[in-house]
$ cat upload.pdb   # PDB, C-alpha atoms
ATOM      1  CA  MET Q   1      22.237   3.664  21.535
ATOM      2  CA  ILE Q   2      18.926   3.893  19.748
ATOM      3  CA  SER Q   3      17.218   0.565  19.210
ATOM      4  CA  LYS Q   4      13.784  -0.905  18.717
ATOM      5  CA  HIS Q   5      12.129  -2.796  21.550
ATOM      6  CA  ILE Q   6      11.080  -6.100  20.016
ATOM      7  CA  LEU Q   7       8.837  -8.114  22.310
ATOM      8  CA  THR Q   8      10.394 -11.467  21.475
ATOM      9  CA  GLU Q   9      13.775  -9.998  22.448
ATOM     10  CA  GLU Q  10      12.363  -8.299  25.543
ATOM     11  CA  PHE Q  11      10.703 -11.564  26.634
ATOM     12  CA  PRO Q  12      12.703 -14.369  24.969
ATOM     13  CA  GLU Q  13      11.193 -16.947  27.308
ATOM     14  CA  PHE Q  14       7.779 -16.142  25.773
ATOM     15  CA  ALA Q  15       8.839 -15.941  22.102
ATOM     16  CA  GLU Q  16       6.818 -18.964  21.026
ATOM     17  CA  LYS Q  17       3.821 -17.916  23.118
ATOM     18  CA  ILE Q  18       3.945 -14.396  21.644
ATOM     19  CA  HIS Q  19       3.827 -15.847  18.141
ATOM     20  CA  THR Q  20       0.937 -18.165  19.001
ATOM     21  CA  LEU Q  21      -1.083 -15.469  20.753
ATOM     22  CA  LYS Q  22      -0.573 -13.040  17.867
ATOM     23  CA  MET Q  23      -2.160 -15.603  15.571
ATOM     24  CA  GLU Q  24      -4.920 -16.898  17.844
ATOM     25  CA  ASP Q  25      -5.858 -14.157  20.327
ATOM     26  CA  ALA Q  26      -7.422 -10.953  18.973
ATOM     27  CA  HIS Q  27      -6.883  -9.039  22.226
ATOM     28  CA  PHE Q  28      -3.205  -9.935  22.384
ATOM     29  CA  LYS Q  29      -2.767  -9.116  18.703
ATOM     30  CA  LYS Q  30      -4.194  -5.649  19.365
ATOM     31  CA  LEU Q  31      -1.817  -5.139  22.327
ATOM     32  CA  PHE Q  32       1.125  -6.342  20.230
ATOM     33  CA  GLU Q  33       0.280  -4.038  17.333
ATOM     34  CA  GLU Q  34      -0.215  -1.068  19.663
ATOM     35  CA  PHE Q  35       3.166  -1.727  21.280
ATOM     36  CA  ASP Q  36       4.859  -2.109  17.906
ATOM     37  CA  ALA Q  37       3.351   1.136  16.549
ATOM     38  CA  LEU Q  38       4.256   3.037  19.704
ATOM     39  CA  ASP Q  39       7.792   1.677  19.662
ATOM     40  CA  HIS Q  40       8.147   2.643  16.005
ATOM     41  CA  GLU Q  41       6.989   6.187  16.788
ATOM     42  CA  ILE Q  42       9.508   6.468  19.638
ATOM     43  CA  TYR Q  43      12.265   5.098  17.410
ATOM     44  CA  ARG Q  44      11.486   7.689  14.717
ATOM     45  CA  ILE Q  45      11.682  10.496  17.276
ATOM     46  CA  GLU Q  46      14.892   9.187  18.836
ATOM     47  CA  SER Q  47      16.544   8.837  15.436
ATOM     48  CA  ASP Q  48      15.549  12.419  14.534
ATOM     49  CA  SER Q  49      13.302  11.286  11.688
ATOM     50  CA  GLU Q  50      10.317  12.909  13.377
ATOM     51  CA  PRO Q  51      10.510  16.050  15.519
ATOM     52  CA  ALA Q  52       8.977  16.036  18.998
ATOM     53  CA  SER Q  53       9.549  17.714  22.326
ATOM     54  CA  ASP Q  54      11.359  15.977  25.173
ATOM     55  CA  GLU Q  55       8.086  15.966  27.104
ATOM     56  CA  THR Q  56       6.275  14.192  24.268
ATOM     57  CA  LEU Q  57       9.049  11.628  23.946
ATOM     58  CA  ASN Q  58       9.050  10.963  27.693
ATOM     59  CA  ASP Q  59       5.241  10.585  27.720
ATOM     60  CA  LEU Q  60       5.480   8.044  24.887
ATOM     61  CA  ARG Q  61       8.201   6.129  26.716
ATOM     62  CA  VAL Q  62       6.061   5.953  29.871
ATOM     63  CA  LYS Q  63       3.130   4.717  27.793
ATOM     64  CA  ARG Q  64       5.367   2.049  26.235
ATOM     65  CA  VAL Q  65       6.526   0.851  29.667
ATOM     66  CA  HIS Q  66       2.934   0.567  30.910
ATOM     67  CA  LEU Q  67       1.896  -1.272  27.767
ATOM     68  CA  LYS Q  68       4.880  -3.603  28.069
ATOM     69  CA  ASP Q  69       3.936  -4.335  31.691
ATOM     70  CA  GLY Q  70       0.394  -5.146  30.585
ATOM     71  CA  ILE Q  71       1.666  -7.447  27.874
ATOM     72  CA  TYR Q  72       3.912  -9.235  30.354
ATOM     73  CA  GLN Q  73       0.987  -9.757  32.726
ATOM     74  CA  TYR Q  74      -1.073 -11.097  29.835
ATOM     75  CA  LEU Q  75       1.696 -13.498  28.834
ATOM     76  CA  VAL Q  76       2.072 -14.783  32.394
ATOM     77  CA  SER Q  77      -1.662 -15.275  32.953
ATOM     78  CA  ASN Q  78      -2.584 -16.883  29.614
TER      79      ASN Q  78
END

$ encode --input "upload.pdb" --output "structure tokens"
Amino acid sequence: MISKHILTEEFPEFAEKIHTLKMEDAHFKKLFEEFDALDHEIYRIESDSEPASDETLNDLRVKRVHLKDGIYQYLVSN
């Protein structure tokens, strides 16, 4: 099933913190926006709205996982 990866659903225990950091922390806001844009691009490819090779899609997914890991580390340490 194709679905978007929404950070507050991925990390429900940090939902309030995600909202606060988006509003008050420029670095976190940039990470959040990068993740959201990347996830949207992946979603468009997976839903056949935008053509891309399997290799491109897999590279984007790996990038999303690394970004998500970085966001988690940021949430834990701040």

$ residues_around --input "upload.pdb" --residues "Asn78 of chain Q" --least-positions-apart "4" --cutoff "10 Å" --atoms "all atoms listed in the file" --output "MDAnalysis selection string"
chainID Q and resid 17 21 73:74

$ axis_aligned_box --input "upload.pdb" --around "segment 48-67 of chain Q" --padding-each-side "6 Å" --output "AutoDock Vina command-line options"
--center_x 8.7 --center_y 8.2 --center_z 21.3 --size_x 25.7 --size_y 31.0 --size_z 31.2

$ residues_near_point --input "upload.pdb" --point "(-3.3, -8.6, 23.8)" --cutoff "12 Å" --atoms "only C-alpha atoms" --output "PDB file with C-alpha atoms, in the frame of the given file"
ATOM      1  CA  LYS Q  17       3.821 -17.916  23.118  1.00  0.00           C
ATOM      2  CA  ILE Q  18       3.945 -14.396  21.644  1.00  0.00           C
ATOM      3  CA  HIS Q  19       3.827 -15.847  18.141  1.00  0.00           C
ATOM      4  CA  THR Q  20       0.937 -18.165  19.001  1.00  0.00           C
ATOM      5  CA  LEU Q  21      -1.083 -15.469  20.753  1.00  0.00           C
ATOM      6  CA  LYS Q  22      -0.573 -13.040  17.867  1.00  0.00           C
ATOM      7  CA  MET Q  23      -2.160 -15.603  15.571  1.00  0.00           C
ATOM      8  CA  GLU Q  24      -4.920 -16.898  17.844  1.00  0.00           C
ATOM      9  CA  ASP Q  25      -5.858 -14.157  20.327  1.00  0.00           C
ATOM     10  CA  ALA Q  26      -7.422 -10.953  18.973  1.00  0.00           C
ATOM     11  CA  HIS Q  27      -6.883  -9.039  22.226  1.00  0.00           C
ATOM     12  CA  PHE Q  28      -3.205  -9.935  22.384  1.00  0.00           C
ATOM     13  CA  LYS Q  29      -2.767  -9.116  18.703  1.00  0.00           C
ATOM     14  CA  LYS Q  30      -4.194  -5.649  19.365  1.00  0.00           C
ATOM     15  CA  LEU Q  31      -1.817  -5.139  22.327  1.00  0.00           C
ATOM     16  CA  PHE Q  32       1.125  -6.342  20.230  1.00  0.00           C
ATOM     17  CA  GLU Q  33       0.280  -4.038  17.333  1.00  0.00           C
ATOM     18  CA  GLU Q  34      -0.215  -1.068  19.663  1.00  0.00           C
ATOM     19  CA  PHE Q  35       3.166  -1.727  21.280  1.00  0.00           C
ATOM     20  CA  ASP Q  36       4.859  -2.109  17.906  1.00  0.00           C
ATOM     21  CA  LEU Q  67       1.896  -1.272  27.767  1.00  0.00           C
ATOM     22  CA  LYS Q  68       4.880  -3.603  28.069  1.00  0.00           C
ATOM     23  CA  ASP Q  69       3.936  -4.335  31.691  1.00  0.00           C
ATOM     24  CA  GLY Q  70       0.394  -5.146  30.585  1.00  0.00           C
ATOM     25  CA  ILE Q  71       1.666  -7.447  27.874  1.00  0.00           C
ATOM     26  CA  TYR Q  72       3.912  -9.235  30.354  1.00  0.00           C
ATOM     27  CA  GLN Q  73       0.987  -9.757  32.726  1.00  0.00           C
ATOM     28  CA  TYR Q  74      -1.073 -11.097  29.835  1.00  0.00           C
ATOM     29  CA  LEU Q  75       1.696 -13.498  28.834  1.00  0.00           C
ATOM     30  CA  VAL Q  76       2.072 -14.783  32.394  1.00  0.00           C
ATOM     31  CA  SER Q  77      -1.662 -15.275  32.953  1.00  0.00           C
ATOM     32  CA  ASN Q  78      -2.584 -16.883  29.614  1.00  0.00           C
TER      33      ASN Q  78
END

$ resolve_selection --input "upload.pdb" --expression "the PyMOL selection byres ((chain Q and resi 38) around 12)" --output "number ranges by chain"
Q: 4-6, 31-37, 39-45, 57, 59-68

$ atom_distance --input "upload.pdb" --atom1 "atom CA of Thr56 of chain Q" --atom2 "atom CA of Ser3 of chain Q"
18.2 Å

$ atom_distance --input "upload.pdb" --atom1 "atom CA of Glu10 of chain Q" --atom2 "atom CA of Ser47 of chain Q"
20.3 Å

$ atom_distance --input "upload.pdb" --atom1 "atom CA of Leu7 of chain Q" --atom2 "atom CA of Glu46 of chain Q"
18.7 Å

$ build_atoms --input "upload.pdb" --residues "segment 66-77 of chain Q" --atoms "all heavy atoms" --output "compact mmCIF listing (two decimals), in the coordinates of the input"
# COMPACT_ATOMS: atom_id res chain seq x y z
N HIS Q 66 4.20 1.07 30.37
CA HIS Q 66 2.93 0.57 30.91
C HIS Q 66 2.33 -0.51 30.01
O HIS Q 66 1.83 -1.52 30.49
CB HIS Q 66 1.94 1.71 31.12
CG HIS Q 66 2.28 2.60 32.26
ND1 HIS Q 66 2.22 2.20 33.58
CD2 HIS Q 66 2.72 3.88 32.29
CE1 HIS Q 66 2.60 3.18 34.36
NE2 HIS Q 66 2.92 4.22 33.61
N LEU Q 67 2.41 -0.29 28.71
CA LEU Q 67 1.90 -1.27 27.77
C LEU Q 67 2.71 -2.57 27.85
O LEU Q 67 2.15 -3.66 27.86
CB LEU Q 67 1.92 -0.69 26.36
CG LEU Q 67 1.27 -1.50 25.25
CD1 LEU Q 67 -0.18 -1.85 25.60
CD2 LEU Q 67 1.32 -0.73 23.95
N LYS Q 68 4.01 -2.43 27.95
CA LYS Q 68 4.88 -3.60 28.07
C LYS Q 68 4.57 -4.38 29.35
O LYS Q 68 4.52 -5.61 29.33
CB LYS Q 68 6.34 -3.16 28.06
CG LYS Q 68 7.34 -4.28 28.08
CD LYS Q 68 8.73 -3.71 27.96
CE LYS Q 68 9.78 -4.69 28.36
NZ LYS Q 68 11.12 -4.11 28.34
N ASP Q 69 4.32 -3.67 30.44
CA ASP Q 69 3.94 -4.34 31.69
C ASP Q 69 2.62 -5.10 31.52
O ASP Q 69 2.48 -6.23 32.00
CB ASP Q 69 3.79 -3.33 32.83
CG ASP Q 69 5.11 -2.79 33.33
OD1 ASP Q 69 6.17 -3.38 33.01
OD2 ASP Q 69 5.09 -1.77 34.05
N GLY Q 70 1.67 -4.48 30.83
CA GLY Q 70 0.39 -5.15 30.58
C GLY Q 70 0.55 -6.38 29.72
O GLY Q 70 -0.08 -7.41 29.97
N ILE Q 71 1.40 -6.29 28.73
CA ILE Q 71 1.67 -7.45 27.87
C ILE Q 71 2.33 -8.56 28.67
O ILE Q 71 1.96 -9.73 28.53
CB ILE Q 71 2.53 -7.02 26.66
CG1 ILE Q 71 1.70 -6.18 25.70
CG2 ILE Q 71 3.13 -8.24 25.96
CD1 ILE Q 71 2.50 -5.52 24.59
N TYR Q 72 3.27 -8.21 29.52
CA TYR Q 72 3.91 -9.24 30.35
C TYR Q 72 2.89 -9.94 31.24
O TYR Q 72 2.88 -11.17 31.33
CB TYR Q 72 5.03 -8.61 31.21
CG TYR Q 72 5.67 -9.62 32.12
CD1 TYR Q 72 6.59 -10.53 31.62
CD2 TYR Q 72 5.33 -9.70 33.46
CE1 TYR Q 72 7.17 -11.48 32.45
CE2 TYR Q 72 5.91 -10.65 34.29
CZ TYR Q 72 6.83 -11.52 33.77
OH TYR Q 72 7.39 -12.47 34.60
N GLN Q 73 2.03 -9.16 31.87
CA GLN Q 73 0.99 -9.76 32.73
C GLN Q 73 0.08 -10.68 31.92
O GLN Q 73 -0.32 -11.75 32.38
CB GLN Q 73 0.17 -8.67 33.42
CG GLN Q 73 0.93 -7.90 34.46
CD GLN Q 73 1.53 -8.81 35.53
OE1 GLN Q 73 0.89 -9.74 36.02
NE2 GLN Q 73 2.77 -8.54 35.88
N TYR Q 74 -0.23 -10.28 30.70
CA TYR Q 74 -1.07 -11.10 29.84
C TYR Q 74 -0.36 -12.40 29.47
O TYR Q 74 -0.97 -13.47 29.48
CB TYR Q 74 -1.43 -10.30 28.57
CG TYR Q 74 -2.59 -10.87 27.81
CD1 TYR Q 74 -3.90 -10.53 28.15
CD2 TYR Q 74 -2.40 -11.76 26.75
CE1 TYR Q 74 -4.98 -11.05 27.46
CE2 TYR Q 74 -3.48 -12.28 26.05
CZ TYR Q 74 -4.75 -11.93 26.41
OH TYR Q 74 -5.83 -12.45 25.74
N LEU Q 75 0.92 -12.30 29.18
CA LEU Q 75 1.70 -13.50 28.83
C LEU Q 75 1.77 -14.47 30.03
O LEU Q 75 1.67 -15.69 29.85
CB LEU Q 75 3.11 -13.11 28.40
CG LEU Q 75 3.22 -12.44 27.04
CD1 LEU Q 75 4.62 -11.84 26.86
CD2 LEU Q 75 2.91 -13.42 25.92
N VAL Q 76 1.95 -13.95 31.19
CA VAL Q 76 2.07 -14.78 32.39
C VAL Q 76 0.74 -15.46 32.72
O VAL Q 76 0.71 -16.62 33.14
CB VAL Q 76 2.56 -13.93 33.59
CG1 VAL Q 76 2.43 -14.69 34.89
CG2 VAL Q 76 4.00 -13.50 33.36
N SER Q 77 -0.37 -14.75 32.52
CA SER Q 77 -1.66 -15.28 32.95
C SER Q 77 -2.40 -16.08 31.88
O SER Q 77 -3.45 -16.64 32.17
CB SER Q 77 -2.54 -14.12 33.44
OG SER Q 77 -2.85 -13.24 32.39
